[in-house]
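Structure data (compact mmCIF, C-alpha atoms and all ligand atoms) from coords19.txt:
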```
# COMPACT_ATOMS: atom_id res chain seq x y z
CA MET N 1 3.28 -40.46 2.89
CA ASN N 2 5.68 -41.39 5.63
CA GLN N 3 5.77 -38.44 8.03
CA LYS N 4 8.97 -39.81 9.59
CA ILE N 5 10.90 -38.68 6.55
CA TYR N 6 10.02 -35.11 7.41
CA PHE N 7 9.69 -35.09 11.16
CA GLY N 8 11.96 -37.90 12.33
CA GLU N 9 10.42 -39.26 15.49
CA LEU N 10 8.47 -36.05 16.07
CA LYS N 11 4.75 -36.44 15.86
CA ALA N 12 2.65 -33.58 14.57
CA THR N 13 0.24 -32.40 17.27
CA LYS N 14 -3.37 -33.03 16.42
CA GLY N 15 -6.46 -31.34 17.71
CA GLU N 16 -10.03 -32.31 18.37
CA ILE N 17 -12.45 -29.52 17.52
CA HIS N 18 -15.47 -28.70 19.62
CA ILE N 19 -18.19 -26.47 18.22
CA ILE N 20 -20.95 -25.08 20.39
CA ARG N 21 -23.28 -24.74 17.44
CA ASP N 22 -26.09 -22.82 19.07
CA ARG N 23 -23.75 -20.15 20.39
CA CYS N 24 -22.29 -19.39 16.93
CA LYS N 25 -23.37 -16.34 14.91
CA GLY N 26 -21.96 -17.61 11.61
CA CYS N 27 -19.39 -14.83 11.13
CA GLY N 28 -17.03 -17.18 9.28
CA PHE N 29 -13.88 -15.92 11.02
CA CYS N 30 -12.80 -19.42 12.05
CA VAL N 31 -13.51 -20.91 8.62
CA GLU N 32 -11.59 -18.17 6.82
CA TYR N 33 -8.54 -18.14 9.06
CA CYS N 34 -8.01 -21.81 9.84
CA PRO N 35 -4.59 -22.35 8.22
CA LYS N 36 -5.44 -25.96 7.33
CA ASP N 37 -8.93 -25.49 5.90
CA VAL N 38 -10.35 -27.83 8.48
CA LEU N 39 -13.65 -26.00 8.82
CA ALA N 40 -16.54 -25.06 6.53
CA LEU N 41 -19.83 -23.28 7.13
CA SER N 42 -22.72 -25.70 7.08
CA ASP N 43 -25.97 -25.24 5.21
CA GLU N 44 -27.92 -26.07 8.33
CA PHE N 45 -29.27 -23.46 10.67
CA ASN N 46 -28.63 -23.36 14.38
CA ILE N 47 -31.24 -22.41 16.94
CA LYS N 48 -30.61 -18.70 16.30
CA GLY N 49 -30.86 -19.03 12.53
CA TYR N 50 -27.15 -18.78 11.74
CA HIS N 51 -25.00 -21.23 9.80
CA PRO N 52 -22.43 -22.66 12.20
CA PRO N 53 -19.23 -24.24 10.95
CA PHE N 54 -18.66 -27.97 10.80
CA VAL N 55 -15.47 -29.99 10.80
CA GLU N 56 -14.68 -31.00 7.25
CA ASN N 57 -11.39 -32.78 7.82
CA GLU N 58 -10.25 -33.07 11.39
CA ASP N 59 -7.13 -35.01 10.44
CA ASN N 60 -5.63 -31.83 9.03
CA CYS N 61 -6.02 -29.93 12.30
CA VAL N 62 -2.66 -29.01 13.79
CA TYR N 63 -4.00 -27.77 17.13
CA CYS N 64 -2.93 -24.18 16.49
CA GLN N 65 -6.07 -22.93 18.31
CA LEU N 66 -6.46 -20.01 15.94
CA CYS N 67 -10.16 -20.77 15.51
CA GLU N 68 -10.54 -20.75 19.29
CA ASN N 69 -8.75 -17.42 19.65
CA ILE N 70 -10.52 -15.65 16.81
CA CYS N 71 -14.10 -16.64 17.62
CA PRO N 72 -16.00 -13.60 18.93
CA GLU N 73 -18.70 -15.83 20.40
CA PHE N 74 -16.55 -18.28 22.44
CA ALA N 75 -18.28 -20.96 20.32
CA ILE N 76 -15.36 -23.07 19.12
CA PHE N 77 -12.34 -24.56 20.86
CA VAL N 78 -9.83 -27.29 20.36
CA THR N 79 -8.40 -29.91 22.69
CA LYS N 80 -5.15 -31.73 22.13
CA LYS N 81 -5.53 -35.27 20.92
CA GLU N 82 -3.68 -37.79 23.01
CA GLU N 83 -0.96 -39.61 21.11
CA GLU N 84 -2.75 -42.95 21.17
CA ASP N 85 -5.80 -41.29 19.62
CA VAL N 86 -3.62 -39.88 16.88
CA GLU N 87 -2.03 -43.23 16.14
CA LYS N 88 -5.36 -44.98 16.02
CA GLY N 89 -6.44 -42.63 13.37
CA MET I 1 -19.72 -33.38 17.19
CA ASN I 2 -22.08 -34.11 20.00
CA ASP I 3 -20.11 -32.92 22.98
CA GLU I 4 -21.68 -29.50 23.43
CA ALA I 5 -23.11 -30.39 26.79
CA ARG I 6 -19.95 -32.00 28.14
CA GLN I 7 -17.19 -29.76 26.88
CA LYS I 8 -16.52 -26.20 27.90
CA ASN I 9 -14.54 -23.51 26.24
CA PRO I 10 -11.44 -23.07 28.46
CA ILE I 11 -12.15 -19.36 28.96
CA GLU I 12 -15.65 -19.93 30.31
CA HIS I 13 -14.55 -19.58 33.92
CA LEU I 14 -13.61 -15.99 33.05
CA LEU I 15 -16.99 -15.15 31.54
CA ARG I 16 -20.42 -14.64 33.04
CA MET I 17 -21.93 -17.45 31.04
CA ASP I 18 -25.47 -16.67 32.19
CA ARG I 19 -25.21 -13.53 30.01
CA ILE I 20 -23.88 -15.31 26.92
CA PRO I 21 -24.76 -14.99 24.03
CA HIS I 22 -23.60 -11.42 24.22
CA ILE I 23 -25.31 -8.50 22.48
CA TRP I 24 -22.66 -7.91 19.81
CA CYS I 25 -23.65 -8.24 16.16
CA PRO I 26 -22.56 -11.21 14.02
CA GLY I 27 -19.17 -10.25 12.60
CA CYS I 28 -18.43 -7.63 15.27
CA GLY I 29 -14.81 -7.85 16.42
CA ILE I 30 -15.31 -6.88 20.07
CA GLY I 31 -15.78 -10.53 21.11
CA THR I 32 -12.46 -11.43 19.50
CA VAL I 33 -10.70 -8.77 21.59
CA VAL I 34 -12.42 -10.18 24.68
CA THR I 35 -11.06 -13.61 23.78
CA SER I 36 -7.55 -12.14 23.47
CA PHE I 37 -8.01 -10.45 26.86
CA ALA I 38 -9.22 -13.70 28.41
CA GLU I 39 -6.11 -15.42 27.03
CA ALA I 40 -3.98 -12.74 28.69
CA LEU I 41 -5.79 -13.38 31.99
CA ARG I 42 -5.15 -17.11 31.64
CA LYS I 43 -1.47 -16.61 30.95
CA SER I 44 -0.91 -13.90 33.54
CA ASN I 45 0.67 -14.67 36.89
CA ILE I 46 -1.53 -12.11 38.57
CA GLU I 47 -4.16 -13.64 40.87
CA LEU I 48 -7.59 -13.28 39.35
CA ASP I 49 -9.15 -11.89 42.51
CA LYS I 50 -6.62 -9.06 42.40
CA ILE I 51 -7.83 -7.91 38.98
CA ALA I 52 -10.73 -5.53 38.41
CA VAL I 53 -12.27 -4.57 35.07
CA VAL I 54 -13.98 -1.23 34.46
CA SER I 55 -15.90 -0.17 31.37
CA GLY I 56 -17.84 2.91 30.36
CA ILE I 57 -20.86 3.00 28.07
CA GLY I 58 -21.04 1.70 24.51
CA CYS I 59 -20.98 -1.61 22.69
CA THR I 60 -17.44 -2.11 24.01
CA GLY I 61 -18.60 -0.86 27.41
CA ARG I 62 -20.57 -4.07 27.80
CA VAL I 63 -17.33 -5.98 28.36
CA ALA I 64 -17.27 -5.36 32.13
CA GLY I 65 -20.63 -7.11 32.32
CA TYR I 66 -19.37 -10.23 30.59
CA ILE I 67 -16.09 -10.73 32.44
CA LYS I 68 -16.39 -12.82 35.57
CA LEU I 69 -14.01 -10.82 37.72
CA ASP I 70 -14.74 -7.89 39.98
CA SER I 71 -16.03 -5.48 37.39
CA PHE I 72 -17.96 -2.27 37.06
CA HIS I 73 -19.94 -0.68 34.24
CA THR I 74 -19.64 3.05 34.89
CA THR I 75 -21.36 6.02 33.29
CA HIS I 76 -20.26 7.24 29.87
CA GLY I 77 -16.66 8.47 29.77
CA ARG I 78 -16.00 7.79 33.43
CA ALA I 79 -14.27 4.42 33.34
CA ILE I 80 -10.84 5.96 33.95
CA PRO I 81 -11.81 8.14 36.94
CA PHE I 82 -13.68 5.20 38.48
CA ALA I 83 -10.63 2.98 37.90
CA THR I 84 -8.38 5.66 39.39
CA GLY I 85 -10.48 5.69 42.56
CA LEU I 86 -10.41 1.91 42.72
CA LYS I 87 -6.64 1.84 42.34
CA LEU I 88 -6.00 4.54 44.93
CA ALA I 89 -8.38 3.03 47.47
CA ASN I 90 -6.92 -0.44 46.99
CA PRO I 91 -3.43 -0.20 45.46
CA GLU I 92 -3.09 -4.00 45.50
CA LEU I 93 -5.54 -4.26 42.62
CA LYS I 94 -4.57 -4.51 38.97
CA VAL I 95 -7.19 -2.33 37.35
CA VAL I 96 -8.02 -2.79 33.68
CA VAL I 97 -10.18 -0.34 31.75
CA PHE I 98 -11.84 -1.92 28.71
CA SER I 99 -13.91 0.51 26.68
CA GLY I 100 -14.58 2.18 23.34
CA ASP I 101 -12.91 5.01 21.45
CA GLY I 102 -15.88 7.32 22.02
CA ASP I 103 -16.00 6.56 25.72
CA ILE I 104 -12.27 6.97 26.34
CA PHE I 105 -11.27 9.65 23.81
CA GLY I 106 -14.52 11.56 23.24
CA ILE I 107 -16.50 12.24 26.39
CA GLY I 108 -13.73 10.75 28.57
CA GLY I 109 -10.77 12.34 26.78
CA ASN I 110 -9.83 14.67 29.59
CA HIS I 111 -9.71 11.82 32.09
CA PHE I 112 -7.47 9.90 29.74
CA ILE I 113 -4.85 12.60 29.37
CA HIS I 114 -4.65 13.26 33.09
CA ALA I 115 -4.42 9.60 34.06
CA ALA I 116 -1.60 9.22 31.50
CA ARG I 117 0.08 12.43 32.72
CA ARG I 118 0.00 11.17 36.30
CA ASN I 119 1.14 7.76 35.18
CA MET I 120 -1.68 6.16 37.10
CA ASP I 121 -1.05 2.42 37.24
CA LEU I 122 -3.93 1.35 34.98
CA THR I 123 -4.14 -0.82 31.87
CA VAL I 124 -6.44 0.73 29.29
CA ILE I 125 -7.68 -1.45 26.42
CA CYS I 126 -9.45 0.71 23.85
CA VAL I 127 -11.49 -0.90 21.09
CA ASN I 128 -11.29 1.62 18.27
CA ASN I 129 -14.09 0.98 15.79
CA PHE I 130 -13.94 4.55 14.46
CA ASN I 131 -17.42 5.53 15.62
CA TYR I 132 -20.01 5.75 18.39
CA ALA I 133 -21.45 2.40 17.52
CA MET I 134 -24.00 1.79 20.24
CA THR I 135 -25.93 4.98 19.57
CA GLY I 136 -26.10 4.66 15.78
CA GLY I 137 -22.73 5.29 14.20
CA GLN I 138 -22.13 8.96 14.98
CA VAL I 139 -18.83 10.62 14.12
CA ALA I 140 -16.23 10.19 16.88
CA ALA I 141 -12.93 11.82 17.79
CA THR I 142 -11.32 8.84 16.03
CA THR I 143 -13.36 8.74 12.81
CA PRO I 144 -10.90 9.05 9.90
CA THR I 145 -11.25 12.13 7.71
CA ASP I 146 -13.53 11.38 4.71
CA ALA I 147 -15.22 8.41 6.37
CA ASN I 148 -18.99 8.52 6.48
CA ALA I 149 -20.90 8.55 9.76
CA SER I 150 -24.54 9.14 10.65
CA THR I 151 -23.69 12.68 11.78
CA ALA I 152 -21.29 13.17 8.86
CA PRO I 153 -23.45 12.05 5.93
CA TYR I 154 -21.24 13.90 3.44
CA GLY I 155 -18.08 12.51 5.00
CA ASN I 156 -16.05 13.61 7.99
CA PHE I 157 -14.04 16.81 7.50
CA GLU I 158 -12.44 16.80 10.96
CA GLN I 159 -9.01 15.52 11.82
CA PRO I 160 -9.11 12.51 14.16
CA PHE I 161 -6.97 11.91 17.22
CA SER I 162 -4.06 9.59 16.77
CA ILE I 163 -4.51 7.59 19.96
CA PRO I 164 -0.89 6.46 20.42
CA TYR I 165 0.42 9.98 19.77
CA LEU I 166 -1.96 11.41 22.34
CA ALA I 167 -1.03 8.71 24.88
CA ASP I 168 2.68 9.27 24.29
CA ALA I 169 2.45 13.05 24.56
CA ALA I 170 0.37 12.81 27.74
CA GLY I 171 3.00 10.58 29.39
CA ALA I 172 1.84 6.95 29.19
CA SER I 173 4.44 4.32 30.13
CA TYR I 174 3.31 1.75 27.58
CA VAL I 175 1.60 2.31 24.24
CA ALA I 176 0.71 -0.27 21.60
CA ARG I 177 -1.68 -0.53 18.67
CA TRP I 178 -2.92 -3.69 16.96
CA THR I 179 -5.88 -4.80 14.92
CA ALA I 180 -8.34 -7.35 16.33
CA LEU I 181 -6.86 -9.98 14.02
CA HIS I 182 -3.43 -9.72 15.67
CA LEU I 183 -4.78 -12.15 18.24
CA ARG I 184 -1.62 -13.22 20.02
CA ARG I 185 0.02 -9.83 19.82
CA VAL I 186 -3.03 -8.26 21.43
CA THR I 187 -2.81 -10.87 24.19
CA LYS I 188 0.91 -10.22 24.66
CA SER I 189 0.47 -6.45 24.78
CA ILE I 190 -2.30 -6.78 27.35
CA GLN I 191 -0.02 -8.97 29.46
CA GLU I 192 2.83 -6.48 29.12
CA GLY I 193 0.48 -3.62 29.93
CA MET I 194 -0.75 -5.38 33.06
CA ASP I 195 2.81 -6.09 34.15
CA LYS I 196 3.82 -2.48 33.60
CA ASN I 197 4.10 -0.39 36.72
CA GLY I 198 2.38 2.63 35.22
CA PHE I 199 -0.18 3.78 32.68
CA SER I 200 -0.60 1.47 29.66
CA LEU I 201 -2.69 1.95 26.57
CA ILE I 202 -3.46 -0.78 24.06
CA GLU I 203 -5.50 0.39 21.07
CA VAL I 204 -7.20 -2.38 19.11
CA ILE I 205 -8.63 -1.47 15.71
CA THR I 206 -11.78 -3.54 15.47
CA PRO I 207 -14.55 -4.03 12.92
CA CYS I 208 -17.97 -2.52 13.56
CA VAL I 209 -19.93 -4.32 10.91
CA THR I 210 -23.40 -2.92 11.47
CA LEU I 211 -22.62 0.79 11.44
CA TYR I 212 -19.13 1.76 10.32
CA ALA I 213 -18.85 -0.96 7.68
CA ARG I 214 -22.37 -0.56 6.40
CA ARG I 215 -22.35 3.23 6.17
CA ASN I 216 -19.05 3.12 4.34
CA ARG I 217 -19.98 0.12 2.19
CA LEU I 218 -17.00 -1.86 3.39
CA GLY I 219 -18.67 -5.27 3.42
CA ASP I 220 -19.09 -7.57 6.39
CA GLY I 221 -17.06 -8.18 9.54
CA LEU I 222 -14.78 -10.61 7.80
CA ASN I 223 -14.02 -8.09 5.02
CA LEU I 224 -13.18 -5.43 7.56
CA LEU I 225 -11.08 -7.72 9.74
CA LYS I 226 -9.10 -8.79 6.72
CA TYR I 227 -8.82 -5.27 5.39
CA TYR I 228 -7.44 -3.84 8.62
CA TYR I 229 -4.97 -6.69 8.94
CA ASP I 230 -3.78 -6.47 5.34
CA LYS I 231 -3.36 -2.70 5.65
CA SER I 232 -1.29 -3.00 8.78
CA GLU I 233 2.44 -2.80 8.99
CA ILE I 234 4.34 -3.68 12.17
CA LYS I 235 6.81 -1.01 13.23
CA HIS I 236 7.87 -1.41 16.84
CA GLY I 237 9.20 1.79 18.32
CA ALA I 238 7.80 3.93 15.49
CA ASP I 239 7.72 7.67 16.11
CA THR I 240 4.21 8.29 17.43
CA ARG I 241 3.94 11.41 15.26
CA ASP I 242 3.77 9.11 12.25
CA LEU I 243 0.77 7.04 13.27
CA ASP I 244 -2.13 8.97 11.75
CA ILE I 245 -4.91 6.85 10.33
CA SER I 246 -6.43 7.95 7.04
CA TYR I 247 -9.67 6.53 5.66
CA GLN I 248 -8.92 2.98 4.48
CA GLY I 249 -5.23 3.85 4.54
CA LYS I 250 -2.21 2.12 5.98
CA LEU I 251 -2.25 1.20 9.68
CA ILE I 252 1.03 1.29 11.53
CA VAL I 253 0.83 -1.16 14.42
CA GLY I 254 3.25 -2.37 17.07
CA LYS I 255 4.60 -1.47 20.47
CA PHE I 256 5.60 2.17 20.32
CA ILE I 257 6.35 3.17 23.91
CA ASP I 258 7.70 1.11 26.81
CA ARG I 259 9.41 3.32 29.35
CA GLU I 260 10.00 3.58 33.07
CA ARG I 261 8.69 6.52 35.03
CA PRO I 262 7.41 6.63 38.63
CA ASN I 263 3.70 5.97 38.77
CA PHE I 264 1.36 8.24 40.72
CA ILE I 265 1.58 6.39 44.03
CA ASP I 266 5.36 5.94 43.86
CA ALA I 267 5.86 9.60 42.99
CA MET I 268 3.62 10.66 45.87
CA ASN I 269 5.47 8.42 48.33
CA GLN I 270 8.84 9.61 47.13
CA HIS I 271 7.91 13.27 47.29
CA MET I 272 6.11 13.14 50.61
CA SER I 273 8.84 11.17 52.35
CA THR I 274 11.40 13.68 51.12
CA VAL I 275 9.35 16.58 52.41
CA LEU I 276 7.96 15.04 55.61
CA GLY I 277 10.68 12.50 56.43
CA ASP I 278 9.74 9.88 59.03
CA ASP I 279 6.41 11.55 59.73
CA TYR I 280 5.16 10.22 56.43
CA GLU I 281 3.77 6.70 56.23
CA LEU I 282 4.24 5.16 52.81
CA TYR I 283 0.92 4.63 51.08
CA GLY I 284 -0.10 1.45 49.33
CA ARG I 285 2.91 -0.57 50.43
CA ILE I 286 1.11 -2.92 52.81
CA ASN I 287 1.92 -6.13 51.03
CA ASN I 288 4.70 -4.99 48.73
CA ASP I 289 8.46 -5.28 49.28
C1 LIG Y 1 -23.55 11.20 29.34
C2 LIG Y 1 -23.93 10.40 28.15
N1 LIG Y 1 -23.88 10.96 26.93
C3 LIG Y 1 -24.20 10.25 25.83
C4 LIG Y 1 -24.57 8.93 25.96
C5 LIG Y 1 -24.95 8.16 24.72
N2 LIG Y 1 -23.93 7.20 24.34
C6 LIG Y 1 -23.98 5.91 24.71
S1 LIG Y 1 -22.74 4.97 24.10
C7 LIG Y 1 -22.11 6.32 23.27
C8 LIG Y 1 -20.90 6.21 22.39
C9 LIG Y 1 -20.08 5.00 22.59
O1 LIG Y 1 -19.03 4.98 21.68
P1 LIG Y 1 -17.75 4.09 21.93
O2 LIG Y 1 -17.20 4.35 23.27
O3 LIG Y 1 -16.83 4.28 20.78
O4 LIG Y 1 -18.33 2.61 22.00
P2 LIG Y 1 -18.79 1.63 20.83
O5 LIG Y 1 -20.27 1.55 20.95
O6 LIG Y 1 -18.33 2.20 19.53
O7 LIG Y 1 -18.10 0.35 21.16
C10 LIG Y 1 -22.87 7.46 23.49
C11 LIG Y 1 -22.59 8.78 22.91
C12 LIG Y 1 -24.62 8.38 27.25
N3 LIG Y 1 -24.94 7.09 27.44
N4 LIG Y 1 -24.30 9.13 28.31
S1 LIG Y 2 -6.86 -25.58 15.73
FE1 LIG Y 2 -5.96 -24.54 13.93
S2 LIG Y 2 -5.88 -26.14 12.38
FE2 LIG Y 2 -7.28 -26.89 13.95
S3 LIG Y 2 -9.31 -26.25 13.23
FE3 LIG Y 2 -8.57 -24.64 14.60
S4 LIG Y 2 -7.59 -23.15 13.25
FE4 LIG Y 2 -7.82 -25.06 12.08
S1 LIG Y 3 -15.76 -17.79 14.57
FE1 LIG Y 3 -17.24 -18.52 16.10
S2 LIG Y 3 -19.13 -17.38 15.67
FE2 LIG Y 3 -17.82 -17.17 13.87
S3 LIG Y 3 -18.45 -18.86 12.52
FE3 LIG Y 3 -16.73 -19.63 13.73
S4 LIG Y 3 -17.71 -20.60 15.50
FE4 LIG Y 3 -19.26 -19.32 14.57
S1 LIG Y 4 -23.06 -1.92 16.39
FE1 LIG Y 4 -20.96 -2.23 15.67
S2 LIG Y 4 -19.66 -2.22 17.52
FE2 LIG Y 4 -21.81 -2.46 18.18
S3 LIG Y 4 -22.07 -4.69 18.38
FE3 LIG Y 4 -22.74 -4.13 16.32
S4 LIG Y 4 -20.93 -4.37 15.03
FE4 LIG Y 4 -20.21 -4.33 17.15
MG MG Y 5 -16.51 3.14 19.11
```
Can you dump the structure from the file as structure tokens?
Amino acid sequence: MNQKIYFGELKATKGEIHIIRDRCKGCGFCVEYCPKDVLALSDEFNIKGYHPPFVENEDNCVYCQLCENICPEFAIFVTKKEEEDVEKG
Amino acid sequence: MNDEARQKNPIEHLLRMDRIPHIWCPGCGIGTVVTSFAEALRKSNIELDKIAVVSGIGCTGRVAGYIKLDSFHTTHGRAIPFATGLKLANPELKVVVFSGDGDIFGIGGNHFIHAARRNMDLTVICVNNFNYAMTGGQVAATTPTDANASTAPYGNFEQPFSIPYLADAAGASYVARWTALHLRRVTKSIQEGMDKNGFSLIEVITPCVTLYARRNRLGDGLNLLKYYYDKSEIKHGADTRDLDISYQGKLIVGKFIDRERPNFIDAMNQHMSTVLGDDYELYGRINND
């Protein structure tokens, strides 16, 4: 789909997600409230025995930072992808 | 994602990372409110070394120990009097009280009403999880009628305080209520409260998963977070007499009070200079004006 049709020359902001797996307590807040279903809880355990989230489809991330703001453990945050990174894929 | 060692959460400079992970249960909402507070600190124009954080005792009372600013963990119920002393001794400080419903409205209730009455320039963030969580889920002054608590095994028959109504009646300059899931609104209210030249109260309705949710069979933290949010209705400027919380009932949230009234120090200066004239030296004006 050609995004230009919808956004003109505007590029959608993209985010890169960082998960500090061993700090997570597996509450699922970020997974549930990500508006783009970017995250899912993994089957693996972290060091504390919880299931941390993993990034299922980073391309859908719109850098809204909701996951970062909702996490009660300070265990997930998002950085803005530079434009070149976005273009490359 | 293998950048755990390299990358840092952008609020880490505001947290005492040597104490993280914190003690709060998985699914507890207190950490989310701390994140919203940290966002407010990041966005605020107030210098960080001019901000102090004071907590009392309780799960929420641990916040002062996790925030990397000048902070103090007082005895139970005494966060507001400690903060009052701090503010009066050093009026340059922005003093934030971050504590629980039991701490602020149970044992500390009297301090709350008098600080609001005097319009002491403090910002009070109260995590209302409807019970005394840290000590085992006892009934609190905020527990909704009919809710179950460890000291109300057949349900609570008392009428709870409506925190915004109490704050309004006592004279607070700024009063807001949100749920923990209203992330950005909580942040904005905390910023507004800190910018207010007077007493501010921000109530944040927050899941306690281990005690309140379990005793009342309300599911996990996520269920409670969602439930509170779905049951909330934003009504800015609502009459504070209409903000009662019934068990699992509707939650009216929003900014209810935002008014101007001389704070304690300003009122003292005004009064004393009228009475004593030039003999009176204005207090707490060293670096202002
Ligand atoms: C003088 C005194 N009385 C009682 C206690 C026991 N105590 C510790 S925390 C607490 C209640 C805390 O409730 P709240 O402020 O709502 O915090 P929460 O744990 O719910 O976040 C009580 C009664 C105490 N520590 N000191
Ligand atoms: S920044 Fe927004 S879109 Fe991206 S993962 Fe987080 S919540 Fe989802
Ligand atoms: S919100 Fe934080 S603690 Fe909860 S699952 Fe996501 S990363 Fe883990
Ligand atoms: S007991 Fe309740 S309030 Fe205390 S940390 Fe656990 S969930 Fe949070
Ligand atoms: Mg409580």
Got a sec to pull out which chain I residues are within 9 Å of chain N, counting all atoms listed in the file, and send them as a PyMOL selection string? chain I and resi 1-5+7-12+20-22+24-36+39+180-181+183-184+220-222+225
Nearest-residue call for ligand LIG 4 (chain Y), choices I:Asn156, I:Asn197, I:Ser99, I:Asn45, using all atoms listed in the file: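 Among the listed residues, I:Ser99 lies closest to ligand LIG 4 (chain Y).
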Taking all atoms listed in the file into account, name the residue in N:Val62, N:Val31, N:Glu82, N:Pro53 that is nearest to ligand LIG 2 (chain Y). N:Val62
Set the cut-off to 8 Å, count only C-alpha atoms and all ligand atoms, and list whatever residues fall near ligand MG 5 (chain Y) as a PyMOL selection string. chain I and resi 58-60+100-103+127-134+140
With C-alpha atoms retained, could you export that selection as a PDB file, keeping the file's coordinate frame?
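selection-v1.pdb was written with the following content:
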```
ATOM      1  CA  GLY I  58     -21.040   1.700  24.510  1.00  0.00           C
ATOM      2  CA  CYS I  59     -20.980  -1.610  22.690  1.00  0.00           C
ATOM      3  CA  THR I  60     -17.440  -2.110  24.010  1.00  0.00           C
ATOM      4  CA  GLY I 100     -14.580   2.180  23.340  1.00  0.00           C
ATOM      5  CA  ASP I 101     -12.910   5.010  21.450  1.00  0.00           C
ATOM      6  CA  GLY I 102     -15.880   7.320  22.020  1.00  0.00           C
ATOM      7  CA  ASP I 103     -16.000   6.560  25.720  1.00  0.00           C
ATOM      8  CA  VAL I 127     -11.490  -0.900  21.090  1.00  0.00           C
ATOM      9  CA  ASN I 128     -11.290   1.620  18.270  1.00  0.00           C
ATOM     10  CA  ASN I 129     -14.090   0.980  15.790  1.00  0.00           C
ATOM     11  CA  PHE I 130     -13.940   4.550  14.460  1.00  0.00           C
ATOM     12  CA  ASN I 131     -17.420   5.530  15.620  1.00  0.00           C
ATOM     13  CA  TYR I 132     -20.010   5.750  18.390  1.00  0.00           C
ATOM     14  CA  ALA I 133     -21.450   2.400  17.520  1.00  0.00           C
ATOM     15  CA  MET I 134     -24.000   1.790  20.240  1.00  0.00           C
ATOM     16  CA  ALA I 140     -16.230  10.190  16.880  1.00  0.00           C
TER      17      ALA I 140
END
```
Considering all atoms listed in the file, return as a PyMOL selection string whatever protein or nucleic-acid residues lie within 10 Å of I:Leu166, sequence-local ones (same chain, fewer than 5 positions apart) excluded. chain I and resi 105+109+112-113+116+161+171-172+175+240-241
For ligand LIG 2 (chain Y), list the contacting residues at 6 Å or closer, counting only C-alpha atoms and all ligand atoms, as a PDB file with C-alpha atoms, keeping the file's coordinate frame.
```pdb
ATOM      1  CA  GLY N  15      -6.460 -31.340  17.710  1.00  0.00           C
ATOM      2  CA  CYS N  34      -8.010 -21.810   9.840  1.00  0.00           C
ATOM      3  CA  PRO N  35      -4.590 -22.350   8.220  1.00  0.00           C
ATOM      4  CA  LYS N  36      -5.440 -25.960   7.330  1.00  0.00           C
ATOM      5  CA  VAL N  38     -10.350 -27.830   8.480  1.00  0.00           C
ATOM      6  CA  CYS N  61      -6.020 -29.930  12.300  1.00  0.00           C
ATOM      7  CA  VAL N  62      -2.660 -29.010  13.790  1.00  0.00           C
ATOM      8  CA  TYR N  63      -4.000 -27.770  17.130  1.00  0.00           C
ATOM      9  CA  CYS N  64      -2.930 -24.180  16.490  1.00  0.00           C
ATOM     10  CA  GLN N  65      -6.070 -22.930  18.310  1.00  0.00           C
ATOM     11  CA  LEU N  66      -6.460 -20.010  15.940  1.00  0.00           C
ATOM     12  CA  CYS N  67     -10.160 -20.770  15.510  1.00  0.00           C
ATOM     13  CA  VAL N  78      -9.830 -27.290  20.360  1.00  0.00           C
TER      14      VAL N  78
END
```
What is the atom CA of I:Arg19 to atom C11 of ligand LIG 1 (chain Y) distance in Å?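 Value for the atom CA of I:Arg19-atom C11 of ligand LIG 1 (chain Y) distance: 23.6 Å.
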Let me have the centre and edge lengths in Å, one decimal, of the box along x, y and z around every listed atom of ligand LIG 3 (chain Y) with 6 Å of margin on each side, as lines of an AutoDock Vina configuration file.
```
center_x = -17.5
center_y = -18.9
center_z = 14.3
size_x = 15.5
size_y = 15.4
size_z = 15.6
```
Using atom CA of I:Ile234 and atom CA of I:Asn263 as the two end points, give the distance in Å to one decimal.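 Atom CA of I:Asn263 lies 28.3 Å from atom CA of I:Ile234.
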Separation of atom CA of I:Ala115 and atom CA of I:Ser200, in Å?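 Between atom CA of I:Ala115 and atom CA of I:Ser200 the gap works out to 10.0 Å.
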Restricting the calculation to all atoms listed in the file, which member of I:Ala176, I:Val275, I:Leu86, I:Leu211 is positioned closest to I:Val253?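 Looking only at the distances to I:Val253, the closest residue turns out to be I:Ala176.
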